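Visitor: The following block contains the structure, expressed as structure tokens.
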Amino acid sequence: MNNNEKQKDIRFGYWYFYPSEYAPRASRLEVNIAETPTEEHFDPQRIHFLSVSGEKFLEDLKVTHPWTYKDDYQICAGLVQIIDLKDKTEEALSFGGRLRIESHDSYTACILESSAPILEITGANPIIRKFVDEIEILFAERRAEWASKEEIFERRFIQADPLELYIAVLNSLIHKYERVGYKDHFHIQEFLSFLHKEAERLETENQTKLPAHSLEEIL
């Protein structure tokens with residue numbers, strides 16, 4: 001749900017916040033877990049994040065209501081899964097950020113903020129779905145490169161700056177799809193155009209960090 005059109009109401013389960021009408025990707029995600037589900041729409045019951053443990057390891061963080069634990073977490077790049085009363089799942093892809101958890105009597109609020117876009121994954125947007133699939137492949141390939149030194153990969157993953165990681169992913173995919181052999185396919189051209197437009201948007205908004213690090217340098 002996009003809060004640009006609807007005033008915030010805790011009865012509604014989640015919102016993506018867009019920095020401007022020109023930014024197609026959200027920079028903030030809020031999810032409310034209500035004590036009493038409305039059963040009128042999507043009612044979040046639990047949320048899964050990839051977080052950093054106190055021992056600096058990656059771990060699955062499951063947030064439910066009521067919440068009696070920490071109220072601030074570092075979140076790493078990965079899927080955010082919002083699961084409702086009927087086990088329906090809504091997903092987003094984050095490149096990392098800070099999660100703030102606000103505990104109230106009638107609901108628990110999760111606020112994830114990031115310097116990089118938060119990608120809402122829906123069937124209505126196949127290009128974003130492909131983008132997410134490609135990102136997960138890149139992350140899996142980098143993890144495989146460190147197969148014999150998993151702890152080093154996790155440390156690099158935890159230390160990765162969200163926006164730098166996002167830019168590196170964009171550059172890696174642009175390089176991949178500009179290779180000879182891909183350009184004759186319409187869907188590939190459409191995807192490549194999307195990647196270029198996103199890179200241009202970041203440059204226009206002065207979000208591109210120079211010199212840009214490659215994905216191999218980051219992960």
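Simple scheme: letters A, B, ... for chains in structure tokens order, numbers from 1 for residues in each chain, numbers from 1 for ligands in the order shown.
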With DSSP run on the backbone, what are the helix (DSSP H, G or I) residues within chain A? I'd like them as a PyMOL selection string.
Guide: chain A and resi 126-145+147-159+162-177+186-204+215-218
Visitor: Name all residues at most 8 Å from Leu50 of chain A (count only C-alpha atoms; drop same-chain ones fewer than 5 positions away) and give them as a PyMOL selection string.
Guide: chain A and resi 58-61+75-80
Visitor: Just the residues within 9 Å of Leu195 of chain A, please, counting only C-alpha atoms, with nothing from its chain fewer than 4 positions along; format it as a short mmCIF file (atom, residue, chain, number, x, y, z; two decimals) with N, CA, C and O atoms, in the first residue's frame.
Guide:
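Output contents, as saved in selection.cif:
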data_model
loop_
_atom_site.label_atom_id
_atom_site.label_comp_id
_atom_site.auth_asym_id
_atom_site.auth_seq_id
_atom_site.Cartn_x
_atom_site.Cartn_y
_atom_site.Cartn_z
N PHE A 131 14.11 -8.32 -11.69
CA PHE A 131 15.19 -7.62 -11.02
C PHE A 131 15.56 -8.33 -9.72
O PHE A 131 16.74 -8.59 -9.43
N LEU A 170 23.28 -2.79 -9.76
CA LEU A 170 22.85 -2.19 -11.02
C LEU A 170 23.95 -2.27 -12.08
O LEU A 170 23.72 -2.71 -13.21
N ASN A 171 25.17 -1.87 -11.70
CA ASN A 171 26.28 -1.88 -12.65
C ASN A 171 26.61 -3.29 -13.11
O ASN A 171 26.92 -3.51 -14.29
N LEU A 173 24.54 -5.85 -13.34
CA LEU A 173 23.49 -6.35 -14.24
C LEU A 173 23.52 -5.62 -15.59
O LEU A 173 23.27 -6.24 -16.63
N ILE A 174 23.84 -4.34 -15.59
CA ILE A 174 23.97 -3.61 -16.85
C ILE A 174 25.09 -4.23 -17.68
O ILE A 174 24.94 -4.46 -18.89
N GLU A 190 13.98 -4.47 -22.76
CA GLU A 190 13.10 -3.77 -21.82
C GLU A 190 13.72 -3.74 -20.42
O GLU A 190 13.71 -2.71 -19.73
N PHE A 191 14.28 -4.87 -20.02
CA PHE A 191 14.91 -4.95 -18.70
C PHE A 191 16.16 -4.08 -18.64
O PHE A 191 16.39 -3.37 -17.66
N ALA A 199 19.79 3.72 -13.06
CA ALA A 199 21.13 4.26 -12.86
C ALA A 199 21.16 5.76 -13.14
O ALA A 199 21.80 6.53 -12.41
N GLU A 200 20.45 6.18 -14.18
CA GLU A 200 20.39 7.61 -14.52
C GLU A 200 19.66 8.40 -13.44
O GLU A 200 20.03 9.54 -13.13
#
Visitor: From the set A:Glu216, A:Glu198, A:Glu205, A:Asp105, which residue has the shortest atom-to-atom contact distance to Glu141 of chain A, counting only C-alpha atoms?
Guide: A:Glu216
Visitor: Have a look at A:Leu165, A:Leu99, A:Leu192, A:Ile33 and name the one nearest to Ser51 of chain A; count only C-alpha atoms.
Guide: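 Looking only at the distances to Ser51 of chain A, the closest residue turns out to be A:Leu99.
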Visitor: With distances taken over only C-alpha atoms, which residue among A:His213, A:Arg143, A:Arg179, A:Arg100 lies nearest Asp72 of chain A?
Guide: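 When distances to Asp72 of chain A are compared using only C-alpha atoms, the smallest one comes from A:Arg100.
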Visitor: Quick one: residues within 12 Å of Asp84 of chain A, only C-alpha atoms, excluding same-chain residues fewer than 6 positions away - as a list in words?
Guide: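 Once the nearby chain positions are removed, what remains is Phe12, Gly13, Tyr14, Val31, Asn32, Ile33, Ala34, Pro37, Thr38, Glu39, Glu40, His41, Phe42, Asp43, Pro44, Gln45, Arg46, Ile47, His48, Thr64, Glu90 and Glu91 of chain A.
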Visitor: Between atom CA of Gly54 of chain A and atom CA of Ile158 of chain A, measure the distance and give it in Å to one decimal.
Guide: 12.2 Å
Visitor: Give me the residues near Glu102 of chain A as a VMD selection string, where near means some atom within 9 Å (using only C-alpha atoms) and where sequence neighbours in that chain fewer than 5 positions away do not count.
Guide: chain A and resid 67 71 107 to 111
Visitor: Atoms to include: N, CA, C and O atoms. Write the selected residues as a PDB file, in the first residue's frame.
Guide:
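Result saved to out-v5.pdb:
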ATOM      1  N   TRP A  67       5.554  -7.300  21.369  1.00  0.00           N
ATOM      2  CA  TRP A  67       7.013  -7.364  21.207  1.00  0.00           C
ATOM      3  C   TRP A  67       7.665  -6.858  22.490  1.00  0.00           C
ATOM      4  O   TRP A  67       7.397  -5.748  22.943  1.00  0.00           O
ATOM      5  N   ASP A  71      14.419  -2.773  20.420  1.00  0.00           N
ATOM      6  CA  ASP A  71      13.591  -1.935  19.543  1.00  0.00           C
ATOM      7  C   ASP A  71      14.370  -1.373  18.362  1.00  0.00           C
ATOM      8  O   ASP A  71      13.852  -0.568  17.585  1.00  0.00           O
ATOM      9  N   TYR A 107      -0.999  -2.763  19.068  1.00  0.00           N
ATOM     10  CA  TYR A 107      -0.277  -3.159  17.860  1.00  0.00           C
ATOM     11  C   TYR A 107       1.227  -2.946  18.034  1.00  0.00           C
ATOM     12  O   TYR A 107       1.674  -2.216  18.924  1.00  0.00           O
ATOM     13  N   THR A 108       1.988  -3.601  17.171  1.00  0.00           N
ATOM     14  CA  THR A 108       3.435  -3.420  17.091  1.00  0.00           C
ATOM     15  C   THR A 108       3.761  -2.872  15.712  1.00  0.00           C
ATOM     16  O   THR A 108       3.302  -3.413  14.701  1.00  0.00           O
ATOM     17  N   ALA A 109       4.534  -1.785  15.680  1.00  0.00           N
ATOM     18  CA  ALA A 109       4.898  -1.154  14.417  1.00  0.00           C
ATOM     19  C   ALA A 109       6.363  -1.439  14.094  1.00  0.00           C
ATOM     20  O   ALA A 109       7.230  -1.307  14.955  1.00  0.00           O
ATOM     21  N   CYS A 110       6.618  -1.845  12.837  1.00  0.00           N
ATOM     22  CA  CYS A 110       7.975  -2.060  12.347  1.00  0.00           C
ATOM     23  C   CYS A 110       8.262  -1.012  11.275  1.00  0.00           C
ATOM     24  O   CYS A 110       7.520  -0.918  10.291  1.00  0.00           O
ATOM     25  N   ILE A 111       9.325  -0.238  11.464  1.00  0.00           N
ATOM     26  CA  ILE A 111       9.687   0.807  10.507  1.00  0.00           C
ATOM     27  C   ILE A 111      11.091   0.519   9.989  1.00  0.00           C
ATOM     28  O   ILE A 111      12.066   0.617  10.747  1.00  0.00           O
TER      29      ILE A 111
END
Visitor: Would you mind writing down, as a PyMOL selection string, each residue of chain A that DSSP on the backbone assigns to strand (DSSP E)?
Guide: chain A and resi 14-17+26-34+44-52+58-63+72-84+89-103+107-121
Visitor: Measuring atom to atom with only C-alpha atoms, identify which of A:Asn125, A:Gln189, A:Gln74, A:Thr36 is nearest to Leu112 of chain A.
Guide: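 Closest residue, counting only C-alpha atoms: A:Gln74.
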Visitor: Identify which of the residues A:Gly97, A:Glu120, A:Asp87, A:Val63 lies closest to Trp15 of chain A, counting only C-alpha atoms when measuring atom-to-atom distances.
Guide: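 Ranked by minimum distance to Trp15 of chain A, first place goes to A:Glu120.
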Visitor: Would you compute the distance between atom CA of Glu113 of chain A and atom CA of Arg129 of chain A? Give it in Å to one decimal.
Guide: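 Spanning atom CA of Glu113 of chain A to atom CA of Arg129 of chain A is a straight-line distance of 21.2 Å.
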Visitor: Near Arg155 of chain A, counting only C-alpha atoms, which residues have an atom at most 12 Å away, once you skip same-chain residues fewer than 4 positions from it, shown as a PyMOL selection string?
Guide: chain A and resi 52-53+55-58+76+143+146+149-151+159-160+218-219
